[in-house]
Structure formats: C-alpha cells, structure tokens
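Source file: query.txt (compact mmCIF, C-alpha atoms)
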```
# COMPACT_ATOMS: atom_id res chain seq x y z
CA MET A 1 45.57 45.40 124.68
CA THR A 2 46.64 47.23 121.51
CA LEU A 3 50.11 48.81 121.41
CA PRO A 4 50.81 51.82 119.16
CA ARG A 5 52.75 50.95 116.02
CA GLY A 6 56.50 51.55 116.23
CA SER A 7 59.51 50.06 117.95
CA TRP A 8 57.67 49.48 121.19
CA ASP A 9 55.62 46.75 119.58
CA ARG A 10 58.91 44.91 118.96
CA PRO A 11 60.74 44.96 122.31
CA TRP A 12 63.73 42.94 121.00
CA ARG A 13 64.80 46.03 119.06
CA ILE A 14 65.64 48.04 122.14
CA PRO A 15 68.75 46.07 123.27
CA ILE A 16 70.03 45.97 119.68
CA VAL A 17 69.76 49.73 119.32
CA ALA A 18 71.40 50.25 122.71
CA LEU A 19 74.29 47.91 121.86
CA SER A 20 74.80 49.53 118.46
CA THR A 21 74.94 52.98 120.04
CA LEU A 22 77.42 51.78 122.64
CA GLY A 23 79.57 50.18 119.95
CA ALA A 24 79.60 53.32 117.85
CA ALA A 25 80.58 55.37 120.87
CA LEU A 26 83.49 53.08 121.69
CA LEU A 27 84.74 52.76 118.10
CA PRO A 28 87.07 55.78 118.17
CA PHE A 29 88.77 54.35 121.26
CA VAL A 30 89.07 50.83 119.93
CA LEU A 31 90.34 51.54 116.41
CA PRO A 32 93.63 53.26 117.33
CA ALA A 33 94.54 50.23 119.40
CA CYS A 34 94.44 48.15 116.21
CA ALA A 35 96.67 50.54 114.22
CA SER A 36 100.38 49.96 114.14
CA ALA A 37 102.69 52.52 115.71
CA PRO A 38 103.90 55.14 113.22
CA ASP A 39 107.50 54.92 112.13
CA GLY A 40 109.20 57.99 113.51
CA ASN A 41 112.07 57.59 111.07
CA ALA A 42 109.89 57.36 107.98
CA ARG A 43 110.71 59.94 105.32
CA VAL A 44 108.90 60.83 102.14
CA ALA A 45 111.07 61.92 99.24
CA ILE A 46 110.01 65.22 97.70
CA VAL A 47 110.44 65.65 94.00
CA ALA A 48 111.39 69.31 93.85
CA PRO A 49 113.25 71.63 91.53
CA SER A 50 116.97 71.98 92.05
CA ALA A 51 118.20 73.67 95.21
CA ALA A 52 121.51 74.39 93.50
CA SER A 53 119.84 76.57 90.89
CA PHE A 54 117.52 78.27 93.36
CA PRO A 55 119.70 81.26 94.41
CA ALA A 56 118.86 83.20 91.22
CA VAL A 57 115.17 82.60 91.87
CA ALA A 58 115.58 83.41 95.57
CA THR A 59 117.12 86.79 94.77
CA PHE A 60 114.12 87.65 92.62
CA LEU A 61 111.58 86.32 95.13
CA GLU A 62 113.29 88.09 97.98
CA GLN A 63 113.16 91.46 96.25
CA ARG A 64 109.70 91.09 94.76
CA CYS A 65 107.87 89.25 97.50
CA GLY A 66 110.02 89.27 100.64
CA THR A 67 109.59 92.77 102.06
CA LEU A 68 108.51 93.00 105.68
CA ASP A 69 104.99 94.07 104.74
CA CYS A 70 104.49 91.04 102.46
CA HIS A 71 106.10 87.61 102.71
CA GLY A 72 108.92 88.75 104.98
CA GLN A 73 106.80 87.76 107.96
CA VAL A 74 106.94 84.68 110.17
CA GLY A 75 103.20 84.11 109.89
CA ARG A 76 103.26 83.51 106.14
CA SER A 77 103.07 80.08 104.54
CA LEU A 78 105.46 81.43 101.93
CA ARG A 79 107.99 82.87 104.34
CA LEU A 80 110.96 84.59 102.75
CA TYR A 81 114.16 85.71 104.43
CA GLY A 82 116.83 88.02 103.15
CA PHE A 83 118.46 91.43 103.00
CA VAL A 84 115.27 93.33 102.18
CA GLY A 85 113.09 91.79 104.84
CA LEU A 86 112.95 89.21 107.59
CA ARG A 87 116.30 87.92 108.83
CA LEU A 88 116.98 84.37 109.91
CA ASP A 89 119.82 85.22 112.27
CA PRO A 90 118.41 87.07 115.29
CA THR A 91 121.43 89.39 115.29
CA ASP A 92 120.74 90.59 111.72
CA VAL A 93 118.45 93.45 110.76
CA PRO A 94 116.60 94.15 107.51
CA GLY A 95 118.85 96.15 105.23
CA GLY A 96 121.92 94.97 107.18
CA ARG A 97 124.32 92.38 105.83
CA ALA A 98 123.71 90.61 102.54
CA THR A 99 121.39 87.63 102.26
CA THR A 100 123.06 84.53 103.69
CA THR A 101 123.16 81.02 102.27
CA ASP A 102 121.15 79.84 105.29
CA GLU A 103 118.43 82.31 104.34
CA ILE A 104 118.41 81.09 100.74
CA ASP A 105 118.13 77.51 102.04
CA ALA A 106 115.23 78.55 104.29
CA ASP A 107 113.54 80.25 101.33
CA TYR A 108 113.95 77.08 99.28
CA GLN A 109 112.41 74.95 102.02
CA SER A 110 109.52 77.38 102.27
CA VAL A 111 108.81 77.36 98.53
CA VAL A 112 109.05 73.59 98.04
CA GLY A 113 107.06 72.93 101.19
CA LEU A 114 104.00 74.89 100.08
CA GLU A 115 102.33 72.18 97.99
CA PRO A 116 104.82 69.32 97.75
CA GLU A 117 102.57 66.85 95.94
CA ILE A 118 101.52 69.32 93.27
CA LEU A 119 105.06 70.62 92.95
CA ALA A 120 106.27 67.07 92.38
CA ALA A 121 103.67 66.60 89.65
CA VAL A 122 104.69 69.84 87.93
CA VAL A 123 108.37 68.95 88.11
CA GLN A 124 107.77 65.42 86.84
CA ASP A 125 105.81 66.93 83.93
CA GLY A 126 108.81 69.05 83.00
CA GLY A 127 107.25 72.23 84.34
CA ALA A 128 104.05 71.88 82.34
CA ARG A 129 100.97 73.70 83.62
CA PRO A 130 102.75 75.48 86.48
CA GLU A 131 99.49 77.26 87.26
CA ARG A 132 98.58 74.13 89.20
CA LEU A 133 100.67 75.71 91.95
CA THR A 134 99.10 78.33 94.19
CA LEU A 135 102.45 80.13 94.14
CA ILE A 136 102.08 80.77 90.42
CA ARG A 137 98.37 81.53 90.47
CA LYS A 138 98.72 84.09 93.24
CA ALA A 139 101.74 85.75 91.65
CA ARG A 140 99.88 85.97 88.34
CA GLY A 141 96.78 87.23 90.14
CA THR A 142 94.53 84.49 88.82
CA GLU A 143 93.81 83.57 92.43
CA HIS A 144 93.07 86.20 95.06
CA HIS A 145 96.33 87.68 96.26
CA LYS A 146 96.48 90.58 98.69
CA GLY A 147 99.54 91.87 96.84
CA GLY A 148 97.66 91.74 93.54
CA ALA A 149 98.88 90.43 90.19
CA LEU A 150 102.63 90.84 90.23
CA ILE A 151 103.74 88.88 87.21
CA THR A 152 102.40 88.30 83.74
CA PRO A 153 102.64 84.93 82.02
CA GLY A 154 105.72 85.05 79.82
CA ASP A 155 107.39 88.10 81.37
CA ALA A 156 110.87 87.92 82.88
CA GLN A 157 109.59 87.28 86.40
CA ASP A 158 107.29 84.52 85.21
CA ARG A 159 110.04 82.92 83.13
CA CYS A 160 112.41 83.03 86.10
CA LEU A 161 109.97 81.03 88.20
CA THR A 162 108.61 78.66 85.59
CA SER A 163 112.02 77.85 84.09
CA TRP A 164 113.17 76.76 87.54
CA LEU A 165 110.12 74.52 87.82
CA ALA A 166 110.94 73.12 84.39
CA GLY A 167 114.45 72.18 85.44
CA THR A 168 116.66 74.83 83.84
CA VAL A 169 116.68 78.28 85.38
CA ASP A 170 116.61 81.14 82.91
CA GLU A 171 119.29 83.20 84.67
CA GLY A 172 118.82 86.07 82.24
CA ALA A 173 115.13 86.24 83.04
CA CYS A 174 115.87 86.22 86.77
CA ALA A 175 118.37 89.06 86.31
CA SER A 176 115.82 91.01 84.23
CA ALA A 177 113.16 90.32 86.85
CA LEU A 178 115.22 92.28 89.36
CA MET A 179 114.84 95.34 87.17
CA THR A 180 111.05 95.12 87.28
CA PRO A 181 109.66 97.86 89.54
CA MET B 1 44.93 99.30 131.35
CA ARG B 2 43.76 95.77 131.69
CA THR B 3 45.34 93.02 129.60
CA SER B 4 42.07 92.48 127.93
CA ASP B 5 42.19 96.12 126.77
CA ILE B 6 45.37 95.59 124.66
CA ARG B 7 44.56 95.09 121.02
CA ARG B 8 47.12 93.66 118.63
CA ASP B 9 46.26 96.18 115.97
CA ASP B 10 46.61 99.11 118.35
CA PRO B 11 49.17 101.57 116.80
CA LEU B 12 50.87 101.95 120.17
CA VAL B 13 51.37 98.22 120.46
CA ILE B 14 52.72 98.02 116.92
CA CYS B 15 55.18 100.84 117.61
CA LEU B 16 56.37 99.24 120.84
CA ALA B 17 56.82 95.89 119.14
CA ALA B 18 58.77 97.50 116.32
CA LEU B 19 61.05 99.23 118.81
CA VAL B 20 61.62 96.05 120.77
CA LEU B 21 62.62 94.24 117.57
CA ALA B 22 64.61 97.04 115.98
CA ALA B 23 66.79 97.96 118.95
CA PRO B 24 68.79 94.71 119.16
CA MET B 25 69.04 94.50 115.37
CA ALA B 26 70.46 98.01 115.20
CA ALA B 27 72.87 97.21 118.01
CA CYS B 28 74.12 94.12 116.17
CA SER B 29 74.66 96.17 113.05
CA VAL B 30 76.68 98.78 114.93
CA VAL B 31 78.80 96.12 116.58
CA GLU B 32 79.57 94.46 113.26
CA ASP B 33 80.41 97.78 111.60
CA VAL B 34 82.62 99.13 114.35
CA LEU B 35 84.04 96.09 116.04
CA ASP B 36 85.66 93.87 113.46
CA PRO B 37 87.40 91.92 116.22
CA VAL B 38 90.76 91.70 114.48
CA HIS B 39 90.76 95.38 113.61
CA ALA B 40 89.43 96.29 117.05
CA ARG B 41 92.37 94.47 118.64
CA GLU B 42 94.83 96.33 116.41
CA VAL B 43 93.31 99.65 117.41
CA ALA B 44 93.23 98.72 121.08
CA ALA B 45 96.87 97.60 120.94
CA LEU B 46 97.90 101.16 120.11
CA GLY B 47 96.79 102.30 123.55
CA GLY B 48 96.78 105.94 124.48
CA ASP B 49 98.77 108.58 122.63
CA PRO B 50 102.12 108.77 124.43
CA SER B 51 102.92 112.08 122.75
CA GLY B 52 100.02 113.83 124.44
CA GLN B 53 99.09 115.51 121.15
CA HIS B 54 95.49 116.25 120.34
CA ASN B 55 93.99 114.31 117.45
CA GLY B 56 95.29 115.73 114.19
CA PRO B 57 98.29 115.53 111.87
CA THR B 58 100.78 115.71 114.71
CA HIS B 59 99.35 113.00 116.91
CA ARG B 60 100.67 109.52 117.61
CA PRO B 61 104.11 109.95 116.00
CA GLY B 62 105.86 106.64 115.41
CA GLN B 63 102.65 104.64 115.34
CA PRO B 64 101.17 102.85 112.30
CA CYS B 65 98.86 105.53 110.89
CA LEU B 66 96.74 103.27 108.72
CA VAL B 67 95.49 101.13 111.59
CA CYS B 68 92.98 103.89 112.31
CA HIS B 69 93.21 105.83 109.05
CA GLY B 70 93.26 102.94 106.60
CA GLY B 71 89.56 102.86 105.81
CA LEU B 72 88.27 100.71 108.68
CA GLY B 73 88.23 103.56 111.15
CA PRO B 74 87.87 104.82 113.74
CA GLY B 75 90.05 107.73 112.60
CA GLY B 76 89.56 110.07 109.71
CA PRO B 77 90.56 111.11 107.12
CA ASP B 78 91.60 107.94 105.33
CA LEU B 79 95.27 107.93 104.44
CA SER B 80 97.14 105.96 101.79
CA VAL B 81 100.61 106.53 103.24
CA GLY B 82 101.76 107.89 106.57
CA GLY B 83 104.74 107.78 108.88
CA THR B 84 107.18 109.55 111.13
CA ILE B 85 110.76 110.56 110.40
CA TYR B 86 113.44 110.91 113.08
CA GLU B 87 116.75 112.73 112.93
CA SER B 88 119.04 109.80 113.63
CA MET B 89 119.14 106.06 114.04
CA SER B 90 119.79 106.08 117.77
CA GLY B 91 117.95 109.27 118.68
CA THR B 92 114.28 109.85 119.30
CA GLN B 93 114.17 113.46 118.10
CA ALA B 94 111.55 113.83 115.36
CA LEU B 95 112.67 115.48 112.14
CA SER B 96 110.54 118.41 111.10
CA GLY B 97 110.78 119.94 107.63
CA ALA B 98 112.20 116.88 105.85
CA VAL B 99 110.99 116.22 102.33
CA VAL B 100 109.65 112.70 101.79
CA THR B 101 109.51 111.61 98.16
CA LEU B 102 107.31 108.66 97.27
CA THR B 103 107.61 107.08 93.82
CA ASP B 104 105.18 104.35 92.87
CA ALA B 105 105.46 101.55 90.30
CA GLN B 106 103.97 103.77 87.61
CA LYS B 107 106.57 106.49 88.29
CA SER B 108 103.97 108.72 89.89
CA VAL B 109 105.83 110.95 92.37
CA HIS B 110 104.35 112.47 95.51
CA LYS B 111 106.32 114.81 97.77
CA LEU B 112 105.48 115.80 101.33
CA THR B 113 107.10 117.70 104.15
CA THR B 114 107.18 116.38 107.69
CA ASN B 115 105.41 118.42 110.35
CA ARG B 116 106.67 119.40 113.82
CA THR B 117 106.30 115.88 115.22
CA GLY B 118 108.02 114.35 112.19
CA ASN B 119 104.77 113.05 110.75
CA PHE B 120 103.88 113.05 107.08
CA LEU B 121 100.67 111.80 105.61
CA VAL B 122 99.00 111.32 102.26
CA ASP B 123 95.25 111.75 102.07
CA ALA B 124 93.85 108.71 100.28
CA SER B 125 91.64 110.93 98.17
CA ASN B 126 94.71 112.77 96.84
CA TRP B 127 97.04 109.94 95.90
CA GLN B 128 96.93 106.15 95.85
CA PRO B 129 100.29 104.59 95.07
CA VAL B 130 100.58 101.57 92.81
CA TYR B 131 102.89 99.25 94.69
CA PRO B 132 105.77 98.60 94.97
CA MET B 133 106.75 102.08 96.09
CA LEU B 134 110.16 103.66 96.61
CA VAL B 135 110.85 106.18 99.36
CA SER B 136 113.56 108.79 99.79
CA LEU B 137 114.22 111.53 102.34
CA SER B 138 116.04 114.81 102.06
CA TYR B 139 116.91 117.49 104.58
CA GLY B 140 119.71 120.02 104.83
CA GLY B 141 121.43 118.78 101.71
CA VAL B 142 121.39 115.16 102.91
CA SER B 143 119.40 112.68 100.86
CA VAL B 144 118.85 109.02 101.62
CA ASP B 145 116.93 106.34 99.80
CA MET B 146 115.10 103.53 101.52
CA LYS B 147 117.15 100.40 100.77
CA THR B 148 114.14 98.31 99.90
CA GLN B 149 110.83 98.91 98.26
CA VAL B 150 107.50 99.09 100.06
CA GLY B 151 105.45 96.09 99.02
CA ARG B 152 101.94 97.10 99.94
CA ASP B 153 101.71 98.71 103.38
CA GLY B 154 101.28 102.47 103.64
CA SER B 155 102.07 102.60 107.36
CA CYS B 156 105.81 103.05 107.85
CA ALA B 157 105.54 101.93 111.46
CA ASP B 158 104.12 98.53 110.58
CA CYS B 159 107.66 97.50 109.62
CA HIS B 160 109.74 100.29 111.19
CA THR B 161 109.33 99.65 114.88
CA ASP B 162 111.81 100.03 117.71
CA PRO B 163 114.00 98.36 118.71
CA PRO B 164 115.65 97.15 115.49
CA GLY B 165 115.72 93.37 115.14
CA PRO B 166 115.39 90.58 112.60
CA ALA B 167 111.88 91.71 111.68
CA SER B 168 112.34 95.47 111.89
CA ALA B 169 114.92 97.98 110.77
CA GLY B 170 113.91 100.32 113.59
CA HIS B 171 112.42 103.78 113.14
CA VAL B 172 112.89 105.79 109.95
CA TYR B 173 115.81 108.20 110.22
CA LEU B 174 117.89 110.59 108.15
CA VAL B 175 121.41 110.00 109.48
CA VAL B 176 123.00 107.14 111.36
CA ASP B 177 125.22 109.29 113.55
CA PRO B 178 123.52 112.21 115.35
CA THR B 179 126.75 114.25 115.11
CA SER B 180 126.48 114.19 111.33
CA PHE B 181 123.01 115.70 111.36
CA PRO B 182 122.87 118.72 109.03
CA VAL B 183 122.73 122.14 110.62
CA GLY B 184 119.56 123.36 108.93
CA PRO B 185 117.06 122.59 106.20
```

Mind turning the file's structure into structure tokens?
Amino acid sequence: MTLPRGSWDRPWRIPIVALSTLGAALLPFVLPACASAPDGNARVAIVAPSAASFPAVATFLEQRCGTLDCHGQVGRSLRLYGFVGLRLDPTDVPGGRATTTDEIDADYQSVVGLEPEILAAVVQDGGARPERLTLIRKARGTEHHKGGALITPGDAQDRCLTSWLAGTVDEGACASALMTP
Amino acid sequence: MRTSDIRRDDPLVICLAALVLAAPMAACSVVEDVLDPVHAREVAALGGDPSGQHNGPTHRPGQPCLVCHGGLGPGGPDLSVGGTIYESMSGTQALSGAVVTLTDAQKSVHKLTTNRTGNFLVDASNWQPVYPMLVSLSYGGVSVDMKTQVGRDGSCADCHTDPPGPASAGHVYLVVDPTSFPVGP
C-alpha cells in the first residue's frame, strides 16, 4: 500500500503535535503560578518638576486650558480643576470661590501623571527638548489638538511651562501668560 | 419563464443584479452618513422638545444647539454659537430682548439679541469665532460679563446645565436675584 506524502506517513508526529498544542493551551494558566506575588506596597519614585513652584503654572493652565468645554472635564487625561471650570469639592460651582490648594494639588498630579517616564527624562535633562512631552506638543499644535495651537515656542505661555520643566519657573512669563487672550 | 430561458447578458437580468447589489450598499452609506453612533446618541439624548415649539429659532431653549446644528446634523442651518438666556439665577423665565456680545481672540465682535424664548444664535456662515471667546450680556441698563472665557464650544448649554454643580454653573442668567431684574429693556 502507498500512503500519500505528508504527516500521515509518519504516525509518530501526531502525538507530538497534540501534546505541543495542549502545552501551548495550558501555558497561560501555568506561568502565573510561577510568578511571585506583586508587592502591594511597592512605590516608584517619579522625577517631576517642583510642586512648590507649580501654583503659578496652575493658574495659567487653569485659565488657558481648564474651562468646562476643554480640560475642565472628568473624562480628560489632563484634568484641570479650578475657579474657571471643574470643581474638586462637590459643593463648589464653576465661577464660585477661588481655586483651592487641593485643586492645585490635583492639577499637579494630573500634569505629572500624564507621561511620567518622559517627564522624568525631560526634568533630568534640565528641561531640554520639552517637545518630547505630549502636553507641550499639543499646546504648541505640533500634534493634533482639538483646541488647536494655543502657544508658540518662546512666547510667555510657552516659557511659563518650559521654565517649570527646567526647574525654575519664570513667574513673569506665567503672569504675562494670563494676559494672553 | 423557464430557468433555461434566463440569459446572463439579458438587460433585465443585469438591471436586477445591479439593483440587488446597489440597494444594500446605498443603505450602508446612508447609515454611515446619518448615524455616527456617538453623535446619534447625543441627538437621541436630547429627547423631545419640552417647550413644544415648532422647529425654528425659538425651539429647544436651554438645550445645546450645536448637537444638531454643529455640522453633523440633523438640524439646519449650521450654527457657530447658540444658547439661551434666562432672567435670573433661580428662575426659569427666559429673557427676551437681551443683547449678547461675543468677542473672539482676534477682537472680532458679534452682537445678537435674544428672541422670545431667550434663544440667540449665530449662523456659521456669518461668523466663526477664533477661540477663546468672551461673552457679555446687557438688558435694561444691566450688563454682566461671563467670568470665564469660552474655550472652544459654541453651545452654551454644554457647560451651562441645571442644576448648578461642580461641573456646571447652571443656566445663563442676567441677575442673581429676581427682585433686582430691570423693569424694561
């Protein structure tokens, strides 16, 4: 008798294939058992610009980006709270009492939490090439931004942001940025 | 007609085949054009018009105009800005005859007067603001400026919804206290 060429002329292949398939199917269930349990107390240090110098930047960001129709919304990755927009305290309303320190802290956490690894690299490089951050690219309009290009490299708004990333906030630039329409 | 009588090159057969193919394709196209699912949900969420007004400049006061008039339909004409003004913070009486002044980032100014249901609207073909935009109201010698700028949304009611809360300042109004409402325009 003549068998057609292929695996059937080598019957020992069939159990090997079957065992391999079974092994592959079980792999996802077996591997986690080998992994150690994650440490619930583990923390990763974030290298971020100063929180103490952030309020001047927050005031600018809040006014420029934090209105209710832009980043003053809970669904935004960059979520900004403050007087002009979304309020952190459920008893506050937009346009009510002045921006609170808790709101500035929440804004800080939002900004530094966007791209922590890239932010750390920018900060460690003394603020060099800040356009590595999506925050900067979107604000400058070099990456698609529904709000369009809002700042120009080198203008007061840009200097306010980039000086903070570089380690020394240009308070004058942040104050001037508030005057920008 | 027997099956054997049908010829593939018969014009009638070709027409029927074309119709059979074209109908579902056309239907798919209509569905894609009209029913962007996200937009369709926004439109559906508006529900019926509680004011009972016929379609037109006075209808759906207090609702976000640009959901239907923002370019994706189903309403027309397309608007760039639209909203509703009320007399007071706590009241629900619409303010007719108020002057709404819009000033965009390039200092272009556009003034409108609210109609009998408090609505005002800007036809997109007449004026397109460059954001951010500032808004002020005046009526009966009382003028108020919006405390914040408008970032990019031409529908007042996207942010100004009732009741006021941490994500909304409530409806747009002229005076806080109804007793301080001016006597006339």

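Residues of chain A having any atom within 9 Å of chain B, counting all atoms listed in the file, are Gln63, Arg64, Cys65, Gly66, Thr67, Leu68, Asp69, Cys70, Gly72, Gln73, Val74, Phe83, Val84, Gly85, Leu86, Arg87, Leu88, Asp89, Pro90, Thr91, Asp92, Val93, Pro94, Gly95, Gly96, Lys146, Gly147 and Pro181 of chain A.
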
12 Å contact set for A:Ala175, only C-alpha atoms, chain neighbours under 4 positions out, as a VMD selection string: chain A and resid 55 to 61 63 156 to 157 159 to 161 169 to 171 179 to 180

Would you mind exporting C-alpha atoms of the selected residues as a short mmCIF file (atom, residue, chain, number, x, y, z; two decimals), keeping the file's coordinate frame?
```
data_model
loop_
_atom_site.label_atom_id
_atom_site.label_comp_id
_atom_site.auth_asym_id
_atom_site.auth_seq_id
_atom_site.Cartn_x
_atom_site.Cartn_y
_atom_site.Cartn_z
CA PRO A 55 119.70 81.26 94.41
CA ALA A 56 118.86 83.20 91.22
CA VAL A 57 115.17 82.60 91.87
CA ALA A 58 115.58 83.41 95.57
CA THR A 59 117.12 86.79 94.77
CA PHE A 60 114.12 87.65 92.62
CA LEU A 61 111.58 86.32 95.13
CA GLN A 63 113.16 91.46 96.25
CA ALA A 156 110.87 87.92 82.88
CA GLN A 157 109.59 87.28 86.40
CA ARG A 159 110.04 82.92 83.13
CA CYS A 160 112.41 83.03 86.10
CA LEU A 161 109.97 81.03 88.20
CA VAL A 169 116.68 78.28 85.38
CA ASP A 170 116.61 81.14 82.91
CA GLU A 171 119.29 83.20 84.67
CA MET A 179 114.84 95.34 87.17
CA THR A 180 111.05 95.12 87.28
#
```

The residues within 6 Å of (107.3, 79.3, 103.7), using all atoms listed in the file and the coordinates of the file, should be reported as a PDB file with C-alpha atoms, keeping the file's coordinate frame; which are they?
```
ATOM      1  CA  SER A  77     103.070  80.080 104.540  1.00  0.00           C
ATOM      2  CA  LEU A  78     105.460  81.430 101.930  1.00  0.00           C
ATOM      3  CA  ARG A  79     107.990  82.870 104.340  1.00  0.00           C
ATOM      4  CA  SER A 110     109.520  77.380 102.270  1.00  0.00           C
ATOM      5  CA  VAL A 111     108.810  77.360  98.530  1.00  0.00           C
TER       6      VAL A 111
END
```

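Coordinates place atom CA of A:Pro38 at a distance of 24.5 Å from atom CA of A:Ala25.
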
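Atom CA of B:Val135 lies 7.1 Å from atom CA of B:Val100.
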
Contacts of stretch 35-42 of chain B at 12 Å (all atoms listed in the file; same-chain gap of 6+ positions) as a PyMOL selection string: chain B and resi 27-29+63-74+158

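Distance-wise, atom CA of A:Ile136 and atom CA of A:Ile151 end up 8.9 Å apart.
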